file start06.txt (compact mmCIF, C-alpha atoms and all ligand atoms)
# COMPACT_ATOMS: atom_id res chain seq x y z
CA MET A 17 28.27 -42.93 23.62
CA SER A 18 26.47 -43.63 20.38
CA ASP A 19 29.04 -46.06 18.93
CA ASN A 20 27.34 -49.18 20.36
CA LEU A 21 30.71 -50.50 21.48
CA PRO A 22 30.78 -52.49 24.72
CA PRO A 23 31.99 -50.81 27.95
CA LEU A 24 35.78 -50.68 28.19
CA ARG A 25 35.94 -52.96 31.22
CA GLU A 26 34.16 -55.63 29.17
CA VAL A 27 36.56 -55.10 26.27
CA VAL A 28 39.54 -55.52 28.58
CA ALA A 29 38.10 -58.70 30.11
CA LEU A 30 37.11 -60.14 26.73
CA HIS A 31 40.55 -59.63 25.18
CA GLY A 32 42.49 -60.53 28.34
CA LEU A 33 44.17 -57.12 28.51
CA ASN A 34 45.61 -57.32 32.00
CA ALA A 35 47.80 -54.22 32.34
CA LYS A 36 51.54 -54.69 31.86
CA LYS A 37 53.79 -52.45 33.89
CA SER A 38 56.64 -52.88 31.41
CA LEU A 39 54.48 -51.15 28.77
CA GLY A 40 53.42 -48.33 31.10
CA GLN A 41 49.83 -49.53 30.95
CA ASN A 42 47.42 -47.56 33.15
CA PHE A 43 44.09 -47.52 31.38
CA LEU A 44 41.31 -44.93 31.48
CA PHE A 45 37.75 -46.25 31.58
CA ASP A 46 35.93 -43.10 32.71
CA LEU A 47 34.07 -41.67 29.72
CA ASN A 48 33.77 -38.24 31.34
CA LEU A 49 37.54 -38.06 31.62
CA THR A 50 38.39 -39.40 28.16
CA GLY A 51 35.78 -36.98 26.78
CA LYS A 52 37.42 -34.12 28.68
CA ILE A 53 40.86 -34.94 27.24
CA ALA A 54 39.45 -35.25 23.73
CA ARG A 55 37.66 -31.90 24.08
CA ALA A 56 40.94 -30.33 25.21
CA ALA A 57 42.41 -31.41 21.86
CA GLY A 58 39.48 -29.95 19.91
CA PRO A 59 37.95 -28.78 17.70
CA LEU A 60 38.60 -32.03 15.90
CA GLU A 61 36.30 -32.04 12.86
CA GLU A 62 39.08 -31.06 10.45
CA ALA A 63 41.89 -32.69 12.41
CA ILE A 64 43.95 -35.81 12.04
CA VAL A 65 44.85 -36.98 15.52
CA LEU A 66 47.95 -39.03 16.16
CA GLU A 67 47.42 -41.12 19.29
CA ILE A 68 50.32 -42.97 20.85
CA GLY A 69 49.42 -46.00 22.92
CA PRO A 70 45.65 -46.34 22.45
CA GLY A 71 45.60 -49.55 24.54
CA PRO A 72 42.02 -50.87 24.67
CA GLY A 73 40.89 -47.60 23.07
CA GLY A 74 39.21 -45.44 25.72
CA LEU A 75 40.70 -42.15 24.53
CA THR A 76 40.52 -43.33 20.90
CA ARG A 77 36.78 -43.77 21.22
CA ALA A 78 36.43 -40.33 22.82
CA LEU A 79 38.43 -38.66 20.04
CA LEU A 80 36.26 -40.32 17.40
CA ALA A 81 33.05 -39.54 19.27
CA GLN A 82 34.17 -35.90 19.49
CA GLY A 83 34.24 -35.92 15.68
CA ALA A 84 37.94 -36.34 14.81
CA LYS A 85 38.26 -36.57 11.05
CA LYS A 86 40.74 -39.39 11.48
CA VAL A 87 42.71 -40.99 14.33
CA ILE A 88 46.04 -42.65 13.60
CA ALA A 89 46.83 -44.92 16.53
CA VAL A 90 50.27 -46.42 17.20
CA GLU A 91 50.21 -49.33 19.65
CA ARG A 92 53.03 -51.66 20.61
CA ASP A 93 50.98 -54.24 22.47
CA GLU A 94 49.59 -56.71 19.94
CA ARG A 95 47.01 -57.92 22.46
CA CYS A 96 45.18 -54.58 22.00
CA LEU A 97 44.84 -54.79 18.22
CA ALA A 98 41.61 -56.83 18.10
CA ALA A 99 39.87 -54.38 20.44
CA LEU A 100 41.07 -51.48 18.28
CA GLU A 101 39.81 -53.22 15.12
CA GLU A 102 36.34 -53.30 16.68
CA ILE A 103 36.52 -49.52 17.14
CA ALA A 104 37.70 -49.12 13.54
CA SER A 105 34.60 -51.07 12.41
CA ALA A 106 32.32 -48.81 14.47
CA TYR A 107 33.89 -45.71 12.84
CA PRO A 108 34.47 -46.80 9.22
CA GLY A 109 37.41 -45.12 7.50
CA ARG A 110 38.28 -42.97 10.53
CA LEU A 111 40.69 -45.10 12.56
CA GLU A 112 44.05 -46.31 11.24
CA ILE A 113 45.88 -48.72 13.52
CA PHE A 114 49.65 -49.08 13.42
CA PRO A 115 51.18 -51.91 15.39
CA GLY A 116 54.68 -50.92 16.44
CA ASP A 117 57.05 -48.95 18.60
CA ALA A 118 56.30 -45.24 18.81
CA LEU A 119 59.96 -44.58 19.63
CA ALA A 120 61.07 -46.01 16.29
CA LEU A 121 58.97 -43.76 14.04
CA ASP A 122 60.27 -41.06 11.72
CA TYR A 123 57.35 -38.78 12.57
CA PRO A 124 57.41 -36.21 9.75
CA ALA A 125 57.64 -38.98 7.12
CA PHE A 126 55.08 -41.18 8.89
CA VAL A 127 52.56 -38.35 9.05
CA ALA A 128 53.28 -36.97 5.58
CA ALA A 129 52.45 -40.38 4.10
CA ARG A 130 49.07 -40.42 5.86
CA ALA A 131 47.87 -36.85 6.16
CA ASP A 132 45.47 -35.50 3.58
CA GLY A 133 45.26 -31.86 4.58
CA GLY A 134 43.95 -30.26 7.75
CA PRO A 135 45.73 -29.77 11.05
CA ILE A 136 47.56 -32.62 12.74
CA ARG A 137 47.36 -32.98 16.49
CA ILE A 138 48.99 -35.40 18.89
CA CYS A 139 46.79 -36.49 21.78
CA ALA A 140 47.75 -39.30 24.12
CA ASN A 141 47.76 -40.79 27.57
CA LEU A 142 51.44 -41.56 27.19
CA PRO A 143 53.18 -44.60 28.62
CA TYR A 144 55.10 -43.05 31.52
CA ASN A 145 58.32 -44.85 30.79
CA ILE A 146 58.78 -43.22 27.37
CA GLY A 147 56.79 -39.98 27.72
CA THR A 148 59.70 -37.53 28.04
CA GLN A 149 61.66 -39.27 25.28
CA LEU A 150 58.72 -38.95 22.88
CA LEU A 151 58.12 -35.33 23.83
CA THR A 152 61.80 -34.50 23.32
CA THR A 153 61.64 -36.10 19.85
CA TRP A 154 58.63 -33.94 18.94
CA LEU A 155 60.26 -30.79 20.34
CA THR A 156 63.56 -31.20 18.52
CA LEU A 157 62.19 -31.64 15.00
CA ASP A 158 63.65 -29.50 12.28
CA PRO A 159 62.43 -27.54 10.42
CA TRP A 160 60.15 -25.65 12.80
CA PRO A 161 57.13 -25.12 13.02
CA PRO A 162 56.59 -28.90 13.03
CA PHE A 163 53.92 -31.07 11.39
CA TYR A 164 51.56 -30.79 14.39
CA ASP A 165 49.61 -27.76 15.54
CA ARG A 166 49.11 -28.89 19.14
CA LEU A 167 50.12 -31.56 21.64
CA VAL A 168 47.66 -32.59 24.36
CA LEU A 169 49.41 -35.16 26.50
CA MET A 170 49.10 -36.89 29.86
CA PHE A 171 52.23 -37.13 32.01
CA GLN A 172 53.04 -37.75 35.64
CA ARG A 173 52.37 -34.45 37.40
CA GLU A 174 56.05 -34.10 38.28
CA VAL A 175 56.99 -34.28 34.57
CA ALA A 176 54.17 -31.86 33.67
CA GLN A 177 55.61 -29.36 36.16
CA ARG A 178 59.04 -29.70 34.57
CA ILE A 179 57.55 -29.09 31.12
CA VAL A 180 55.92 -25.78 32.09
CA ALA A 181 58.69 -24.62 34.48
CA THR A 182 60.45 -21.26 34.16
CA PRO A 183 63.41 -20.00 36.27
CA ARG A 184 60.80 -18.93 38.86
CA GLU A 185 60.14 -22.62 39.65
CA ARG A 186 63.79 -23.42 40.25
CA ALA A 187 63.47 -26.98 41.42
CA ASP A 188 61.47 -28.00 38.34
CA TYR A 189 63.30 -25.86 35.78
CA GLY A 190 65.66 -27.85 33.60
CA ARG A 191 66.42 -29.07 30.07
CA LEU A 192 62.85 -30.11 29.36
CA GLY A 193 61.42 -26.73 30.41
CA VAL A 194 63.94 -24.82 28.30
CA LEU A 195 63.29 -26.92 25.23
CA ALA A 196 59.50 -27.00 25.64
CA ASN A 197 59.03 -23.29 26.33
CA TRP A 198 61.55 -22.20 23.75
CA ARG A 199 59.53 -23.81 20.99
CA CYS A 200 56.01 -23.98 22.45
CA ALA A 201 53.56 -22.15 24.65
CA THR A 202 52.92 -24.64 27.44
CA ARG A 203 50.34 -25.03 30.18
CA ILE A 204 48.92 -27.64 32.51
CA LEU A 205 45.23 -28.06 31.69
CA PHE A 206 44.09 -30.25 34.61
CA ASP A 207 45.19 -32.94 37.04
CA VAL A 208 43.99 -36.52 37.04
CA PRO A 209 44.02 -38.51 40.30
CA PRO A 210 45.49 -42.03 40.52
CA SER A 211 41.98 -43.44 41.08
CA ALA A 212 41.02 -42.54 37.49
CA PHE A 213 43.31 -45.26 36.12
CA THR A 214 43.22 -49.05 36.08
CA PRO A 215 45.47 -50.06 37.72
CA PRO A 216 45.97 -46.82 39.71
CA PRO A 217 49.53 -45.50 39.54
CA LYS A 218 51.18 -44.18 42.73
CA ILE A 219 51.20 -40.56 41.60
CA THR A 220 48.88 -37.85 40.26
CA SER A 221 48.93 -37.19 36.52
CA SER A 222 48.36 -33.99 34.54
CA VAL A 223 47.23 -33.19 31.03
CA VAL A 224 49.55 -30.69 29.36
CA GLU A 225 49.00 -28.60 26.26
CA LEU A 226 51.89 -27.48 24.05
CA ARG A 227 51.28 -25.16 21.11
CA PRO A 228 54.21 -24.62 18.75
CA ARG A 229 55.48 -21.05 18.57
CA PRO A 230 55.58 -19.94 14.93
CA ALA A 231 58.93 -18.17 15.42
CA PRO A 232 60.89 -19.26 18.49
CA ILE A 233 63.99 -17.22 19.49
CA ALA A 234 66.72 -17.98 16.95
CA CYS A 235 69.18 -20.74 17.85
CA GLU A 236 70.15 -24.22 16.70
CA VAL A 237 68.35 -27.01 18.46
CA LYS A 238 71.44 -29.26 18.65
CA ALA A 239 73.47 -26.46 20.25
CA LEU A 240 70.71 -25.77 22.76
CA GLU A 241 70.44 -29.46 23.66
CA THR A 242 74.20 -29.82 24.18
CA LEU A 243 74.35 -26.65 26.19
CA THR A 244 71.43 -27.41 28.51
CA LEU A 245 72.82 -30.92 29.06
CA ALA A 246 76.10 -29.44 30.30
CA ALA A 247 74.52 -26.57 32.25
CA PHE A 248 71.86 -28.59 34.09
CA GLY A 249 74.11 -31.66 34.38
CA GLN A 250 75.81 -29.73 37.19
CA ARG A 251 72.98 -27.39 38.11
CA ARG A 252 74.40 -26.38 41.51
CA LYS A 253 77.69 -25.25 39.98
CA MET A 254 78.36 -21.84 38.49
CA LEU A 255 78.24 -21.81 34.71
CA ARG A 256 81.95 -20.95 34.45
CA GLN A 257 82.53 -24.42 35.95
CA ALA A 258 79.55 -26.40 34.64
CA LEU A 259 80.15 -25.43 31.00
CA LYS A 260 83.66 -26.86 31.06
CA SER A 261 81.99 -30.17 30.19
CA LEU A 262 80.95 -28.74 26.79
CA PRO A 263 82.81 -30.30 23.90
CA GLY A 264 85.91 -28.24 23.03
CA THR A 265 85.37 -25.79 25.89
CA SER A 266 88.10 -25.88 28.52
CA ASP A 267 87.39 -22.23 29.32
CA PRO A 268 83.71 -21.19 29.06
CA ALA A 269 84.44 -17.53 29.95
CA PRO A 270 84.50 -16.21 26.35
CA LEU A 271 81.26 -18.04 25.57
CA LEU A 272 79.53 -16.55 28.61
CA GLN A 273 80.86 -13.11 27.82
CA GLU A 274 79.63 -13.31 24.23
CA ALA A 275 76.18 -14.25 25.50
CA GLY A 276 76.24 -11.45 28.10
CA ILE A 277 75.88 -13.85 31.04
CA GLU A 278 77.71 -13.49 34.35
CA PRO A 279 80.09 -16.47 34.79
CA THR A 280 78.94 -16.85 38.42
CA ARG A 281 75.33 -17.58 37.41
CA ARG A 282 73.85 -21.07 37.73
CA ALA A 283 71.78 -22.85 35.06
CA GLU A 284 68.53 -22.53 37.00
CA GLU A 285 68.86 -18.71 36.94
CA ILE A 286 69.15 -18.43 33.16
CA ASP A 287 66.00 -17.80 31.19
CA ILE A 288 65.30 -19.08 27.68
CA GLU A 289 66.64 -15.93 26.02
CA GLY A 290 69.89 -16.44 27.93
CA PHE A 291 70.17 -20.07 26.88
CA CYS A 292 69.46 -19.15 23.26
CA ALA A 293 72.18 -16.46 23.37
CA LEU A 294 74.58 -19.06 24.77
CA ALA A 295 73.55 -21.58 22.12
CA ARG A 296 74.16 -19.05 19.35
CA ALA A 297 77.62 -18.30 20.75
CA PHE A 298 78.31 -22.03 21.03
CA SER A 299 77.15 -22.60 17.42
CA ARG A 300 79.53 -19.90 16.23
CA LYS A 301 82.36 -21.83 17.84
CA GLY A 302 81.25 -24.86 15.82
CA ALA A 303 82.57 -27.24 18.48
CA TYR A 304 79.70 -29.71 18.73
N1 LIG B 401 45.31 -44.76 25.80
C1 LIG B 401 45.00 -45.82 26.74
C2 LIG B 401 44.18 -45.26 27.88
O1 LIG B 401 44.21 -44.02 28.05
O2 LIG B 401 43.51 -46.02 28.56
C3 LIG B 401 46.25 -46.51 27.27
C4 LIG B 401 47.27 -45.59 27.88
S1 LIG B 401 48.59 -46.45 28.70
C5 LIG B 401 49.11 -45.23 29.84
C6 LIG B 401 49.93 -46.42 27.53
C7 LIG B 401 49.77 -47.26 26.26
O3 LIG B 401 50.96 -47.13 25.45
C8 LIG B 401 49.58 -48.74 26.46
O4 LIG B 401 48.51 -49.20 25.68
C9 LIG B 401 50.90 -49.37 25.99
O5 LIG B 401 50.76 -50.68 25.47
C10 LIG B 401 51.33 -48.38 24.92
N2 LIG B 401 52.78 -48.37 24.66
C11 LIG B 401 53.79 -48.54 25.56
N3 LIG B 401 54.98 -48.42 24.96
C12 LIG B 401 54.73 -48.12 23.66
C13 LIG B 401 55.56 -47.89 22.53
N4 LIG B 401 56.89 -47.88 22.62
N5 LIG B 401 54.96 -47.63 21.33
C14 LIG B 401 53.61 -47.61 21.22
N6 LIG B 401 52.78 -47.84 22.26
C15 LIG B 401 53.33 -48.09 23.46

call {"tool": "encode", "arguments": {"input": "start06.txt", "output": "structure tokens"}}
result
Amino acid sequence: MSDNLPPLREVVALHGLNAKKSLGQNFLFDLNLTGKIARAAGPLEEAIVLEIGPGPGGLTRALLAQGAKKVIAVERDERCLAALEEIASAYPGRLEIFPGDALALDYPAFVAARADGGPIRICANLPYNIGTQLLTTWLTLDPWPPFYDRLVLMFQREVAQRIVATPRERADYGRLGVLANWRCATRILFDVPPSAFTPPPKITSSVVELRPRPAPIACEVKALETLTLAAFGQRRKMLRQALKSLPGTSDPAPLLQEAGIEPTRRAEEIDIEGFCALARAFSRKGAY
């Protein structure tokens, strides 16, 4: 890399950045891999990249080296800030560091205050303990399409499989798959073995791409969330039983009939169109 920054292992030793499990810290030091993730988020020349959890800055450096116009990095661990400041100095005016909790951000407002035109992308090796919560936040923004044009994110492979799942992959198909594929085109780009991380986690990871659909099937996000919570909350039960847990719905039969869904079906058999039809019927009832 041409940034003259010291190798990441040196940075970590110098700043005493021993990985903390409580912060989901599994660091990437392999430049080939961080470069591959950054390229997956490209082209970056016009883009502002929001990175959650830069840690010592391996992926941050790759995004900047790949030519990102600007990287906005949100990091909760104050021990990492000095290392990130060194990267900011090597790339003047192109790295903004925000100490704080990524779960606490109002994303549209945060980005609107910092963006100066050009596409906005989110690229991150997410802390595993908050990955699905962050993704759900980004998927449930209103209005849609959202402020970002693409998400390129690392998850545990098992979560990645749930994100891309359709009713064909029954065991993995659930709330996350419905929400993600309703609003985005999703795919797993590549797997990353435990040995690529320091310290190595127990499981394989995967990088997932989500591209917002310009016009997802019509339905209200809140209704869809409530509905999938009830339906998959008792995924082995028939919907005529499982949907009784919906607010104000002692008898789900009329709802199912309105959506054209057999009451004996189970959640894992219903595709996104079916869930959206149910959500529209549920919205009309106005019970949530
Ligand atoms: N990007 C680095 C890499 O690839 O080597 C580190 C990735 S590590 C899996 C996750 C990072 O997220 C850590 O640096 C951790 O401190 C940070 N983090 C954990 N919880 C966070 C939160 N709530 N808000 C912001 N950053 C957080």

call {"tool": "residues_around", "arguments": {"input": "start06.txt", "residues": "A:Thr214", "least_positions_apart": "2", "cutoff": "6 Å", "atoms": "only C-alpha atoms", "output": "ChimeraX atom specification"}}
result
/A:42-43,216

call {"tool": "residues_near_ligand", "arguments": {"input": "start06.txt", "ligand": "ligand LIG 401 (chain B)", "cutoff": "9 Å", "atoms": "all atoms listed in the file", "output": "number ranges by chain"}}
result
A: 35-45, 50, 67-76, 89-96, 114-120, 140-146, 170-171, 213-214

call {"tool": "write_last_selection", "arguments": {"input": "start06.txt", "atoms": "C-alpha atoms", "output": "PDB file, in the coordinates of the input"}}
result
ATOM      1  CA  ALA A  35      47.800 -54.220  32.340  1.00  0.00           C
ATOM      2  CA  LYS A  36      51.540 -54.690  31.860  1.00  0.00           C
ATOM      3  CA  LYS A  37      53.790 -52.450  33.890  1.00  0.00           C
ATOM      4  CA  SER A  38      56.640 -52.880  31.410  1.00  0.00           C
ATOM      5  CA  LEU A  39      54.480 -51.150  28.770  1.00  0.00           C
ATOM      6  CA  GLY A  40      53.420 -48.330  31.100  1.00  0.00           C
ATOM      7  CA  GLN A  41      49.830 -49.530  30.950  1.00  0.00           C
ATOM      8  CA  ASN A  42      47.420 -47.560  33.150  1.00  0.00           C
ATOM      9  CA  PHE A  43      44.090 -47.520  31.380  1.00  0.00           C
ATOM     10  CA  LEU A  44      41.310 -44.930  31.480  1.00  0.00           C
ATOM     11  CA  PHE A  45      37.750 -46.250  31.580  1.00  0.00           C
ATOM     12  CA  THR A  50      38.390 -39.400  28.160  1.00  0.00           C
ATOM     13  CA  GLU A  67      47.420 -41.120  19.290  1.00  0.00           C
ATOM     14  CA  ILE A  68      50.320 -42.970  20.850  1.00  0.00           C
ATOM     15  CA  GLY A  69      49.420 -46.000  22.920  1.00  0.00           C
ATOM     16  CA  PRO A  70      45.650 -46.340  22.450  1.00  0.00           C
ATOM     17  CA  GLY A  71      45.600 -49.550  24.540  1.00  0.00           C
ATOM     18  CA  PRO A  72      42.020 -50.870  24.670  1.00  0.00           C
ATOM     19  CA  GLY A  73      40.890 -47.600  23.070  1.00  0.00           C
ATOM     20  CA  GLY A  74      39.210 -45.440  25.720  1.00  0.00           C
ATOM     21  CA  LEU A  75      40.700 -42.150  24.530  1.00  0.00           C
ATOM     22  CA  THR A  76      40.520 -43.330  20.900  1.00  0.00           C
ATOM     23  CA  ALA A  89      46.830 -44.920  16.530  1.00  0.00           C
ATOM     24  CA  VAL A  90      50.270 -46.420  17.200  1.00  0.00           C
ATOM     25  CA  GLU A  91      50.210 -49.330  19.650  1.00  0.00           C
ATOM     26  CA  ARG A  92      53.030 -51.660  20.610  1.00  0.00           C
ATOM     27  CA  ASP A  93      50.980 -54.240  22.470  1.00  0.00           C
ATOM     28  CA  GLU A  94      49.590 -56.710  19.940  1.00  0.00           C
ATOM     29  CA  ARG A  95      47.010 -57.920  22.460  1.00  0.00           C
ATOM     30  CA  CYS A  96      45.180 -54.580  22.000  1.00  0.00           C
ATOM     31  CA  PHE A 114      49.650 -49.080  13.420  1.00  0.00           C
ATOM     32  CA  PRO A 115      51.180 -51.910  15.390  1.00  0.00           C
ATOM     33  CA  GLY A 116      54.680 -50.920  16.440  1.00  0.00           C
ATOM     34  CA  ASP A 117      57.050 -48.950  18.600  1.00  0.00           C
ATOM     35  CA  ALA A 118      56.300 -45.240  18.810  1.00  0.00           C
ATOM     36  CA  LEU A 119      59.960 -44.580  19.630  1.00  0.00           C
ATOM     37  CA  ALA A 120      61.070 -46.010  16.290  1.00  0.00           C
ATOM     38  CA  ALA A 140      47.750 -39.300  24.120  1.00  0.00           C
ATOM     39  CA  ASN A 141      47.760 -40.790  27.570  1.00  0.00           C
ATOM     40  CA  LEU A 142      51.440 -41.560  27.190  1.00  0.00           C
ATOM     41  CA  PRO A 143      53.180 -44.600  28.620  1.00  0.00           C
ATOM     42  CA  TYR A 144      55.100 -43.050  31.520  1.00  0.00           C
ATOM     43  CA  ASN A 145      58.320 -44.850  30.790  1.00  0.00           C
ATOM     44  CA  ILE A 146      58.780 -43.220  27.370  1.00  0.00           C
ATOM     45  CA  MET A 170      49.100 -36.890  29.860  1.00  0.00           C
ATOM     46  CA  PHE A 171      52.230 -37.130  32.010  1.00  0.00           C
ATOM     47  CA  PHE A 213      43.310 -45.260  36.120  1.00  0.00           C
ATOM     48  CA  THR A 214      43.220 -49.050  36.080  1.00  0.00           C
TER      49      THR A 214
END

call {"tool": "atom_distance", "arguments": {"input": "start06.txt", "atom1": "atom CA of A:Arg227", "atom2": "atom CA of A:Ala125"}}
result
20.7 Å

call {"tool": "residues_near_point", "arguments": {"input": "start06.txt", "point": "(30.3, -47.6, 20.2)", "cutoff": "10 Å", "atoms": "all atoms listed in the file", "output": "list in words"}}
result
Met17, Ser18, Asp19, Asn20, Leu21, Pro22, Pro23, Arg77, Ala78, Leu80, Ala81, Glu102, Ile103, Ser105, Ala106 and Tyr107 of chain A

call {"tool": "closest_residue", "arguments": {"input": "start06.txt", "among": "A:Thr152, A:Gln250, A:Gln172, A:Gln257", "to": "A:Pro217", "atoms": "all atoms listed in the file"}}
result
A:Gln172

call {"tool": "atom_distance", "arguments": {"input": "start06.txt", "atom1": "atom CA of A:Leu240", "atom2": "atom CA of A:Phe291"}}
result
7.1 Å

call {"tool": "residues_around", "arguments": {"input": "start06.txt", "residues": "A:Leu79", "least_positions_apart": "6", "cutoff": "9 Å", "atoms": "all atoms listed in the file", "output": "PyMOL selection string"}}
result
chain A and resi 50-51+53-55+57-58+60+65+86-87+139

call {"tool": "residues_around", "arguments": {"input": "start06.txt", "residues": "A:Ala297", "least_positions_apart": "4", "cutoff": "8 Å", "atoms": "only C-alpha atoms", "output": "list in words"}}
result
Leu271, Glu274, Ala275, Ala293 and Lys301 of chain A

call {"tool": "residues_around", "arguments": {"input": "start06.txt", "residues": "A:Leu259", "least_positions_apart": "4", "cutoff": "7 Å", "atoms": "all atoms listed in the file", "output": "JSON, numbers by chain"}}
result
{"A": [246, 247, 255, 268]}

call {"tool": "closest_residue", "arguments": {"input": "start06.txt", "among": "A:Ile204, A:Gln273, A:Leu192, A:Ala231", "to": "A:Thr244", "atoms": "all atoms listed in the file"}}
result
A:Leu192

call {"tool": "axis_aligned_box", "arguments": {"input": "start06.txt", "around": "stretch 60-71 of chain A", "padding_each_side": "3 Å", "output": "lines of an AutoDock Vina configuration file"}}
result
center_x = 43.3
center_y = -40.3
center_z = 17.5
size_x = 20.0
size_y = 24.5
size_z = 20.1

call {"tool": "closest_residue", "arguments": {"input": "start06.txt", "among": "A:Gly276, A:Pro162, A:Gly302, A:Pro230", "to": "A:Leu262", "atoms": "all atoms listed in the file"}}
result
A:Gly302

call {"tool": "closest_residue", "arguments": {"input": "start06.txt", "among": "A:Glu101, A:Asp132, A:Glu278, A:Glu241", "to": "A:Leu155", "atoms": "all atoms listed in the file"}}
result
A:Glu241

call {"tool": "closest_residue", "arguments": {"input": "start06.txt", "among": "A:Leu33, A:Glu284, A:Glu236, A:Arg251", "to": "A:Phe298", "atoms": "all atoms listed in the file"}}
result
A:Glu236

call {"tool": "atom_distance", "arguments": {"input": "start06.txt", "atom1": "atom CA of A:Lys238", "atom2": "atom CA of A:Leu205"}}
result
29.3 Å

call {"tool": "decode", "arguments": {"input": "start06.txt", "residues": "stretch 159-172 of chain A", "atoms": "C-alpha atoms", "output": "tab-separated table (two decimals), in the first residue's frame"}}
result
chain	number	residue	atom	x	y	z
A	159	PRO	CA	-39.01	6.79	3.10
A	160	TRP	CA	-37.59	4.25	0.65
A	161	PRO	CA	-35.26	4.16	-1.35
A	162	PRO	CA	-32.91	5.01	1.55
A	163	PHE	CA	-29.86	7.29	1.74
A	164	TYR	CA	-27.45	4.50	0.69
A	165	ASP	CA	-27.11	2.88	-2.71
A	166	ARG	CA	-25.47	-0.33	-1.50
A	167	LEU	CA	-24.55	-2.27	1.62
A	168	VAL	CA	-21.45	-4.50	1.59
A	169	LEU	CA	-21.27	-6.17	4.97
A	170	MET	CA	-19.54	-9.03	6.74
A	171	PHE	CA	-21.69	-11.32	8.89
A	172	GLN	CA	-21.41	-14.79	10.36
